[in-house]
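Note: the block below is my_file-v7.cif and it holds mmCIF, C-alpha atoms.
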```
data_my_file
#
loop_
_atom_site.label_atom_id
_atom_site.label_comp_id
_atom_site.auth_asym_id
_atom_site.auth_seq_id
_atom_site.Cartn_x
_atom_site.Cartn_y
_atom_site.Cartn_z
CA MET P 451 162.34 19.74 1.63
CA THR P 452 164.45 16.58 1.63
CA SER P 453 161.84 13.96 2.45
CA ASP P 454 162.73 10.68 0.76
CA GLY P 455 165.73 12.36 -0.86
CA GLN P 456 164.59 13.62 -4.26
CA ASP P 457 161.57 11.33 -4.36
CA SER P 458 159.11 13.97 -3.14
CA PHE P 459 158.60 17.71 -3.34
CA ILE P 460 156.22 20.40 -2.12
CA HIS P 461 153.59 21.23 -4.73
CA PHE P 462 151.64 23.79 -2.69
CA GLN P 463 151.72 25.22 0.82
CA THR P 464 149.79 27.68 2.95
CA LYS P 465 151.26 29.10 6.12
CA LEU P 466 148.96 30.74 8.62
CA GLU P 467 150.59 29.96 11.96
CA ASP P 468 154.21 29.66 12.91
CA ALA P 469 155.28 26.13 11.97
CA SER P 470 156.66 25.62 15.45
CA ASP P 471 153.15 26.09 16.90
CA ILE P 472 151.64 23.13 15.02
CA GLU P 473 151.24 20.13 17.31
CA LEU P 474 149.10 17.79 15.19
CA VAL P 475 149.35 16.94 11.48
CA VAL P 476 146.79 14.97 9.46
CA ILE P 477 148.26 13.09 6.49
CA VAL P 478 146.07 12.12 3.53
CA PRO P 479 147.73 9.88 0.89
CA THR P 480 145.84 10.14 -2.41
CA PHE P 481 145.92 8.42 -5.78
CA ARG P 482 143.56 9.32 -8.66
CA ARG P 483 140.57 10.06 -6.49
CA PRO P 484 140.29 13.87 -6.57
CA ASP P 485 136.52 14.14 -6.02
CA HIS P 486 136.47 11.96 -2.93
CA LEU P 487 139.66 13.59 -1.65
CA VAL P 488 137.76 16.87 -1.41
CA LYS P 489 135.04 15.13 0.62
CA THR P 490 137.72 13.80 2.95
CA LEU P 491 139.32 17.23 3.33
CA ARG P 492 135.98 18.84 4.21
CA THR P 493 135.66 16.53 7.19
CA ILE P 494 139.22 17.32 8.28
CA VAL P 495 138.89 21.10 8.21
CA SER P 496 135.70 20.78 10.28
CA GLN P 497 137.63 19.12 13.12
CA ARG P 498 138.25 21.31 16.16
CA PRO P 499 140.91 19.62 18.28
CA ASP P 500 142.38 21.45 21.28
CA VAL P 501 145.79 21.68 19.61
CA PRO P 502 146.97 23.60 16.50
CA LEU P 503 146.40 21.46 13.40
CA ALA P 504 147.82 21.22 9.88
CA THR P 505 147.05 18.92 6.96
CA ILE P 506 149.40 17.33 4.42
CA VAL P 507 148.01 15.75 1.26
CA VAL P 508 150.44 13.35 -0.43
CA GLU P 509 149.81 13.01 -4.15
CA ASN P 510 151.03 9.63 -5.43
CA ASP P 511 150.32 10.27 -9.12
CA ALA P 512 153.17 12.54 -10.15
CA ASP P 513 152.12 12.38 -13.80
CA GLY P 514 148.44 13.26 -13.45
CA LEU P 515 148.45 15.44 -10.30
CA ALA P 516 144.64 15.48 -10.21
CA GLY P 517 144.61 15.02 -6.45
CA ALA P 518 147.26 17.68 -5.94
CA GLN P 519 145.28 20.20 -7.98
CA ALA P 520 142.03 19.34 -6.19
CA ALA P 521 143.72 19.76 -2.81
CA LYS P 522 145.34 23.06 -3.88
CA ASP P 523 141.99 24.44 -5.04
CA PHE P 524 140.34 23.31 -1.82
CA PHE P 525 142.98 24.70 0.52
CA SER P 526 143.08 27.99 -1.38
CA GLY P 527 139.50 28.59 -0.29
CA HIS P 528 140.07 27.79 3.39
CA SER P 529 142.07 29.41 6.17
CA PHE P 530 143.91 26.30 7.16
CA ASP P 531 147.56 25.34 7.53
CA SER P 532 148.12 22.88 4.70
CA SER P 533 150.63 21.42 2.28
CA VAL P 534 150.46 19.28 -0.83
CA VAL P 535 153.46 16.98 -1.26
CA VAL P 536 154.05 14.93 -4.41
CA ALA P 537 155.66 11.50 -4.02
CA ARG P 538 157.30 10.67 -7.33
CA ARG P 539 157.57 6.91 -6.69
CA HIS P 540 154.31 4.97 -6.93
CA GLY P 541 153.11 2.92 -4.02
CA TYR P 542 151.50 3.19 -0.63
CA ALA P 543 154.76 2.87 1.32
CA HIS P 544 156.37 5.73 -0.62
CA ALA P 545 153.32 7.96 -0.12
CA CYS P 546 153.17 7.33 3.63
CA ASN P 547 156.90 7.77 4.07
CA ALA P 548 156.80 11.06 2.15
CA GLY P 549 153.93 12.30 4.31
CA LEU P 550 155.50 11.33 7.63
CA THR P 551 158.87 12.77 6.69
CA ALA P 552 157.30 15.99 5.41
CA ALA P 553 155.33 16.38 8.64
CA LEU P 554 158.53 16.21 10.69
CA GLU P 555 160.39 18.60 8.42
CA LEU P 556 157.67 21.19 7.92
CA PHE P 557 156.39 21.17 11.50
CA PRO P 558 159.36 20.33 13.74
CA ARG P 559 157.49 20.47 17.06
CA ILE P 560 154.56 18.19 16.26
CA GLY P 561 153.62 15.65 18.90
CA LEU P 562 151.00 13.68 16.95
CA VAL P 563 150.35 12.56 13.38
CA ALA P 564 147.02 11.17 12.14
CA VAL P 565 146.54 9.28 8.87
CA ILE P 566 143.32 8.95 6.90
CA TYR P 567 142.80 7.59 3.37
CA ASP P 568 141.34 9.56 0.47
CA ASP P 569 138.26 7.31 0.25
CA GLU P 570 137.22 7.96 3.86
CA ILE P 571 135.05 10.49 5.68
CA ALA P 572 136.01 11.37 9.26
CA ALA P 573 133.52 11.42 12.11
CA PRO P 574 132.78 14.94 13.46
CA GLU P 575 134.91 14.33 16.59
CA TRP P 576 137.35 11.91 14.97
CA LEU P 577 140.56 13.58 16.15
CA ASP P 578 139.19 14.36 19.61
CA CYS P 579 138.28 10.69 20.12
CA LEU P 580 141.69 9.46 18.96
CA MET P 581 143.48 11.95 21.18
CA ALA P 582 141.29 11.19 24.21
CA VAL P 583 142.10 7.47 24.03
CA GLN P 584 145.78 8.20 23.47
CA GLU P 585 145.90 10.41 26.54
CA ALA P 586 143.80 8.09 28.71
CA HIS P 587 146.07 5.09 28.10
CA ASP P 588 149.33 6.87 27.22
CA ALA P 589 149.30 4.79 24.03
CA ASP P 590 151.95 5.25 21.37
CA ILE P 591 149.63 4.38 18.48
CA VAL P 592 145.81 4.55 18.42
CA GLY P 593 143.56 3.10 15.73
CA GLY P 594 139.87 3.42 14.97
CA PRO P 595 137.19 1.65 12.90
CA GLN P 596 136.93 1.95 9.13
CA LEU P 597 133.19 1.52 8.58
CA PRO P 598 132.07 0.47 5.09
CA VAL P 599 129.66 2.69 3.16
CA LEU P 600 127.88 0.81 0.38
CA GLY P 601 126.03 2.56 -2.40
CA HIS P 602 123.08 0.31 -3.30
CA PRO P 603 120.47 -1.08 -0.89
CA GLN P 604 121.07 -4.59 -2.24
CA GLU P 605 124.74 -4.31 -1.27
CA GLN P 606 124.10 -3.57 2.42
CA LYS P 607 124.20 -7.24 3.37
CA TRP P 608 127.94 -7.32 2.61
CA LYS P 609 128.61 -5.09 5.63
CA ARG P 610 128.16 -8.26 7.68
CA HIS P 611 131.02 -10.05 5.92
CA PRO P 612 134.10 -10.52 8.16
CA VAL P 613 136.41 -8.73 5.71
CA PHE P 614 134.63 -5.48 6.60
CA ALA P 615 134.60 -6.07 10.36
CA PRO P 616 136.91 -3.97 12.58
CA PRO P 617 139.55 -5.98 14.49
CA TYR P 618 138.32 -4.63 17.86
CA HIS P 619 135.09 -3.26 19.28
CA GLY P 620 135.62 -1.65 22.69
CA SER P 621 137.98 1.25 23.38
CA GLY P 622 141.19 0.61 25.29
CA PRO P 623 144.61 -1.06 24.99
CA VAL P 624 145.00 -3.67 22.24
CA PRO P 625 147.90 -5.97 21.28
CA VAL P 626 148.62 -4.47 17.85
CA LEU P 627 147.05 -2.67 14.88
CA TYR P 628 146.89 -3.76 11.27
CA SER P 629 145.84 -0.81 9.11
CA ALA P 630 147.11 2.76 8.85
CA GLY P 631 143.84 3.94 7.30
CA ASN P 632 142.63 5.46 10.56
CA VAL P 633 145.42 5.91 13.02
CA LEU P 634 147.09 8.37 15.40
CA ILE P 635 150.86 8.07 15.86
CA THR P 636 152.84 9.84 18.59
CA ARG P 637 156.11 11.68 18.09
CA ARG P 638 158.00 9.17 20.21
CA VAL P 639 157.18 6.48 17.64
CA LEU P 640 158.44 8.63 14.76
CA ASP P 641 161.61 9.44 16.68
CA GLY P 642 162.12 5.85 17.76
CA MET P 643 161.57 4.01 14.47
CA PRO P 644 164.18 3.85 11.71
CA ARG P 645 163.55 5.48 8.35
CA PRO P 646 162.02 4.80 5.96
CA PHE P 647 159.11 4.13 8.30
CA LEU P 648 157.30 1.74 5.95
CA ASP P 649 159.55 -0.74 4.19
CA PRO P 650 159.54 0.08 0.43
CA ALA P 651 160.20 -3.62 -0.25
CA LEU P 652 156.74 -4.30 1.22
CA ASN P 653 155.05 -1.67 -0.92
CA ILE P 654 151.58 -3.20 -0.63
CA VAL P 655 148.62 -1.99 1.41
CA GLY P 656 148.05 -4.42 4.25
CA ILE P 657 151.61 -5.72 4.32
CA GLY P 658 153.54 -2.45 4.59
CA ASP P 659 151.49 -0.99 7.43
CA ALA P 660 151.11 -4.35 9.22
CA ASP P 661 154.89 -4.77 9.06
CA PHE P 662 155.42 -1.25 10.43
CA PHE P 663 153.10 -1.86 13.38
CA ASP P 664 154.72 -5.25 13.95
CA ARG P 665 158.14 -3.60 14.18
CA CYS P 666 156.71 -0.92 16.47
CA LYS P 667 155.44 -3.65 18.78
CA ALA P 668 158.86 -5.32 18.78
CA LYS P 669 160.34 -1.96 19.84
CA GLY P 670 158.02 -1.88 22.84
CA PHE P 671 155.51 0.72 21.63
CA SER P 672 151.94 0.36 22.89
CA PHE P 673 148.63 0.32 21.02
CA ALA P 674 145.04 1.30 21.78
CA TRP P 675 141.68 1.27 20.03
CA ALA P 676 139.25 4.21 19.88
CA ALA P 677 135.86 2.72 19.03
CA ASP P 678 134.22 6.14 18.60
CA ALA P 679 136.94 7.53 16.31
CA TRP P 680 135.38 6.04 13.20
CA VAL P 681 135.86 6.91 9.58
CA ALA P 682 133.36 5.96 6.88
CA GLU P 683 135.04 4.22 3.95
CA SER P 684 133.39 4.34 0.52
CA VAL P 685 133.24 0.80 -0.87
CA PRO P 686 133.05 0.44 -4.68
CA ALA P 687 130.41 -1.89 -6.10
CA HIS P 688 132.91 -4.49 -7.29
CA HIS P 689 133.96 -5.04 -3.65
CA THR P 690 130.51 -6.35 -2.80
CA THR P 691 130.88 -9.64 -4.62
CA ALA P 692 131.74 -13.16 -3.56
CA SER P 693 134.84 -13.13 -5.79
CA TRP P 694 136.26 -9.95 -4.23
CA THR P 695 135.60 -10.99 -0.62
CA ARG P 696 137.17 -14.36 -1.40
CA ALA P 697 140.28 -12.63 -2.77
CA ARG P 698 140.46 -10.36 0.27
CA SER P 699 140.11 -13.31 2.66
CA LEU P 700 142.89 -15.14 0.84
CA GLU P 701 145.03 -12.00 1.03
CA LYS P 702 144.35 -11.62 4.75
CA GLY P 703 145.59 -15.16 5.33
CA ALA P 704 148.65 -14.63 3.16
CA ILE P 705 149.57 -11.43 4.98
CA SER P 706 149.34 -13.14 8.37
CA THR P 707 151.72 -15.88 7.22
CA LEU P 708 154.17 -13.40 5.71
CA MET P 709 154.16 -11.37 8.93
CA GLU P 710 154.81 -14.48 11.02
CA HIS P 711 157.69 -15.42 8.74
CA GLN P 712 159.05 -11.89 9.15
CA ARG P 713 159.05 -12.33 12.94
CA ASP P 714 160.59 -15.79 12.92
CA ALA P 715 162.14 -17.18 9.74
CA THR P 716 163.68 -20.19 11.48
CA PHE P 717 162.56 -23.72 10.71
CA SER P 718 160.76 -23.99 14.04
CA GLY P 719 159.03 -20.65 13.42
CA ARG P 720 157.83 -21.72 9.99
CA LEU P 721 156.70 -25.06 11.38
CA LYS P 722 154.68 -23.24 14.03
CA THR P 723 153.05 -21.11 11.34
CA LEU P 724 152.24 -24.20 9.29
CA CYS P 725 150.64 -25.91 12.28
CA LYS P 726 148.54 -22.84 12.98
CA SER P 727 147.42 -22.74 9.35
CA LEU P 728 146.45 -26.41 9.38
CA TRP P 729 144.52 -25.91 12.63
CA LEU P 730 142.63 -23.00 11.08
CA LEU P 731 141.89 -25.14 8.04
CA ALA P 732 140.56 -27.97 10.20
CA SER P 733 138.36 -25.61 12.22
CA SER P 734 137.10 -23.63 9.23
CA LEU P 735 133.89 -25.67 8.85
CA PRO P 736 132.43 -25.14 12.37
CA VAL P 737 133.65 -21.54 12.48
CA GLY P 738 132.22 -20.88 9.03
CA LEU P 739 128.84 -22.32 10.00
CA ARG P 740 128.79 -20.08 13.06
CA LEU P 741 129.55 -17.04 10.94
CA TRP P 742 126.75 -17.97 8.52
CA ARG P 743 124.34 -18.26 11.42
CA GLU P 744 125.44 -14.96 12.98
CA THR P 745 125.55 -12.88 9.78
CA GLY P 746 122.90 -14.57 7.65
CA LEU P 747 125.38 -14.29 4.78
CA ALA P 748 126.31 -17.55 3.09
CA ALA P 749 129.53 -16.11 1.66
CA ALA P 750 130.71 -15.35 5.19
CA SER P 751 130.84 -19.06 5.97
CA LEU P 752 133.74 -19.47 3.52
CA HIS P 753 135.85 -16.72 5.07
CA PRO P 754 137.71 -18.99 7.57
CA LEU P 755 138.44 -21.52 4.80
CA HIS P 756 139.80 -18.86 2.47
CA VAL P 757 141.93 -17.33 5.23
CA ALA P 758 143.42 -20.76 5.97
CA ILE P 759 144.11 -21.40 2.28
CA GLY P 760 145.66 -17.94 2.00
CA ARG P 761 147.93 -18.74 4.92
CA LEU P 762 149.02 -22.01 3.32
CA THR P 763 149.71 -20.48 -0.10
CA ALA P 764 150.98 -17.10 1.21
CA ARG P 765 150.60 -15.50 -2.19
CA ILE P 766 149.78 -11.84 -2.80
CA ASP P 767 148.37 -11.05 -6.25
CA ALA P 768 150.47 -8.18 -7.55
CA ASP P 769 147.80 -7.34 -10.14
CA ASP P 770 145.29 -6.62 -7.39
CA THR P 771 147.63 -4.32 -5.47
CA ARG P 772 148.06 -1.86 -8.34
CA ASP P 773 151.69 -1.06 -7.51
CA GLY P 774 151.00 -0.86 -3.83
CA ASN P 775 148.26 1.74 -3.98
CA ARG P 776 144.89 1.20 -2.36
CA ASP P 777 142.20 -0.51 -4.39
CA ARG P 778 140.84 1.88 -6.97
CA ASP P 779 137.43 2.06 -8.58
#
```
Could the structure of this file be written out as structure tokens, please?
Amino acid sequence: MTSDGQDSFIHFQTKLEDASDIELVVIVPTFRRPDHLVKTLRTIVSQRPDVPLATIVVENDADGLAGAQAAKDFFSGHSFDSSVVVARRHGYAHACNAGLTAALELFPRIGLVAVIYDDEIAAPEWLDCLMAVQEAHDADIVGGPQLPVLGHPQEQKWKRHPVFAPPYHGSGPVPVLYSAGNVLITRRVLDGMPRPFLDPALNIVGIGDADFFDRCKAKGFSFAWAADAWVAESVPAHHTTASWTRARSLEKGAISTLMEHQRDATFSGRLKTLCKSLWLLASSLPVGLRLWRETGLAAASLHPLHVAIGRLTARIDADDTRDGNRDRD
């Protein structure tokens, strides 16, 4: 396999059906979360879509290989077309690129690729719901909700914080998507976008996938939202604090500014972004009070302020990104 040159290799592979028969591939990037990865894989093998399915796990810890071994052990006990690919270079962009490239190389006739993270559990009809919305609207890319799962009863209130809210609620066409943590991508997107798909220079969760979707939109590809195609995302305890939600709100604002600068780096474009940021700052008090009233969560009232500040500073904390991998426990 030549995906990403010599930056990735096949660690393990089962082959039950002819590769040319596979029409849908599920990609699971993983990094030092072997126990939860197995939980994720259980919900994938239970899916029964109407098309032949295969799964690719992309291990992003080439030194430890705990996820790769867990996936190998799991797949060895199931009759399921599967592969474990190891991405040697750390970072979310490298893992996703290795998975997407491997899917195209190993299964040349695929029409759809789904992506789910290793800290998520798929709904029983997750793939069916994504595919139904894609077919109904002839969408090029379909996303679904990532619903937070909190461990302690005292943490449940944080579900109401805006950082955990999905960007859309009803199913149907939407302007754009922001996260690749629960997404279905058609073959025409993979054939129409340049490689590497995610920009390695933006090797940070939130920026890399947002940039990819932004470039897809610029190419004319369409988006849709599948409200019933949810995945349940396990939220570690340290994410249910005022300090973490503040950092995430600041990051959300910074990402939006960086994306706007990517689209238009001219003086007038940057001035437009600045004006929007100042308007959000000015409106943060009434919007924050409304959020407090609607959620009953005092910390939610500061979300608009922190987003506005994040837009104005446009700083991403490299220490929090852990070399571009998703937040780890």
Can you work out the spacing between atom CA of P:Thr464 and atom CA of P:Pro650 in Å, to one decimal?
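Separation between atom CA of P:Thr464 and atom CA of P:Pro650: 29.4 Å.
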Who sits within 9 Å of P:Ser727, all atoms listed in the file, same chain under 6 positions skipped, as an NGL selection string
:P and (703 or 707 or 757-762)
Give me the residues within 9 Å of stretch 466-479 of chain P as an NGL selection string, counting all atoms listed in the file and dropping any in the same chain fewer than 5 places off.
:P and (487 or 490-491 or 494 or 499 or 501-510 or 529-532 or 542 or 545-546 or 549-550 or 553 or 556-568 or 634)
So, counting all atoms listed in the file, which residue among P:Ala548, P:Ala660, P:Val599, P:Leu739 is closest to P:Pro646?
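With all atoms listed in the file as the atom set, the closest residue is P:Ala548.
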Find the distance between atom CA of P:Pro616 and atom CA of P:Ile591 and write it in Å to one decimal.
16.3 Å
Please measure the separation of atom CA of P:Glu570 and atom CA of P:His528, giving the value in Å to one decimal.
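Rounded to one decimal, the two atoms are 20.0 Å apart.
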Pull out every residue that the PyMOL selection byres ((chain P and resi 698) around 10) matches in the shown coordinates and put them as a list of chain:residue names.
P:Val613, P:Phe614, P:His689, P:Ala692, P:Ser693, P:Trp694, P:Thr695, P:Arg696, P:Ala697, P:Ser699, P:Leu700, P:Glu701, P:Lys702, P:Gly703, P:Ala704, P:His753, P:His756, P:Val757, P:Gly760, P:Ile766, P:Asp770
Pull C-alpha atoms from the residues just selected and write them as a CSV table (one decimal), in the coordinates of the input.
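So the final result, stored in again-v3.csv, reads:
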```csv
chain,number,residue,atom,x,y,z
P,613,VAL,CA,136.4,-8.7,5.7
P,614,PHE,CA,134.6,-5.5,6.6
P,689,HIS,CA,134.0,-5.0,-3.6
P,692,ALA,CA,131.7,-13.2,-3.6
P,693,SER,CA,134.8,-13.1,-5.8
P,694,TRP,CA,136.3,-10.0,-4.2
P,695,THR,CA,135.6,-11.0,-0.6
P,696,ARG,CA,137.2,-14.4,-1.4
P,697,ALA,CA,140.3,-12.6,-2.8
P,699,SER,CA,140.1,-13.3,2.7
P,700,LEU,CA,142.9,-15.1,0.8
P,701,GLU,CA,145.0,-12.0,1.0
P,702,LYS,CA,144.4,-11.6,4.8
P,703,GLY,CA,145.6,-15.2,5.3
P,704,ALA,CA,148.6,-14.6,3.2
P,753,HIS,CA,135.8,-16.7,5.1
P,756,HIS,CA,139.8,-18.9,2.5
P,757,VAL,CA,141.9,-17.3,5.2
P,760,GLY,CA,145.7,-17.9,2.0
P,766,ILE,CA,149.8,-11.8,-2.8
P,770,ASP,CA,145.3,-6.6,-7.4
```
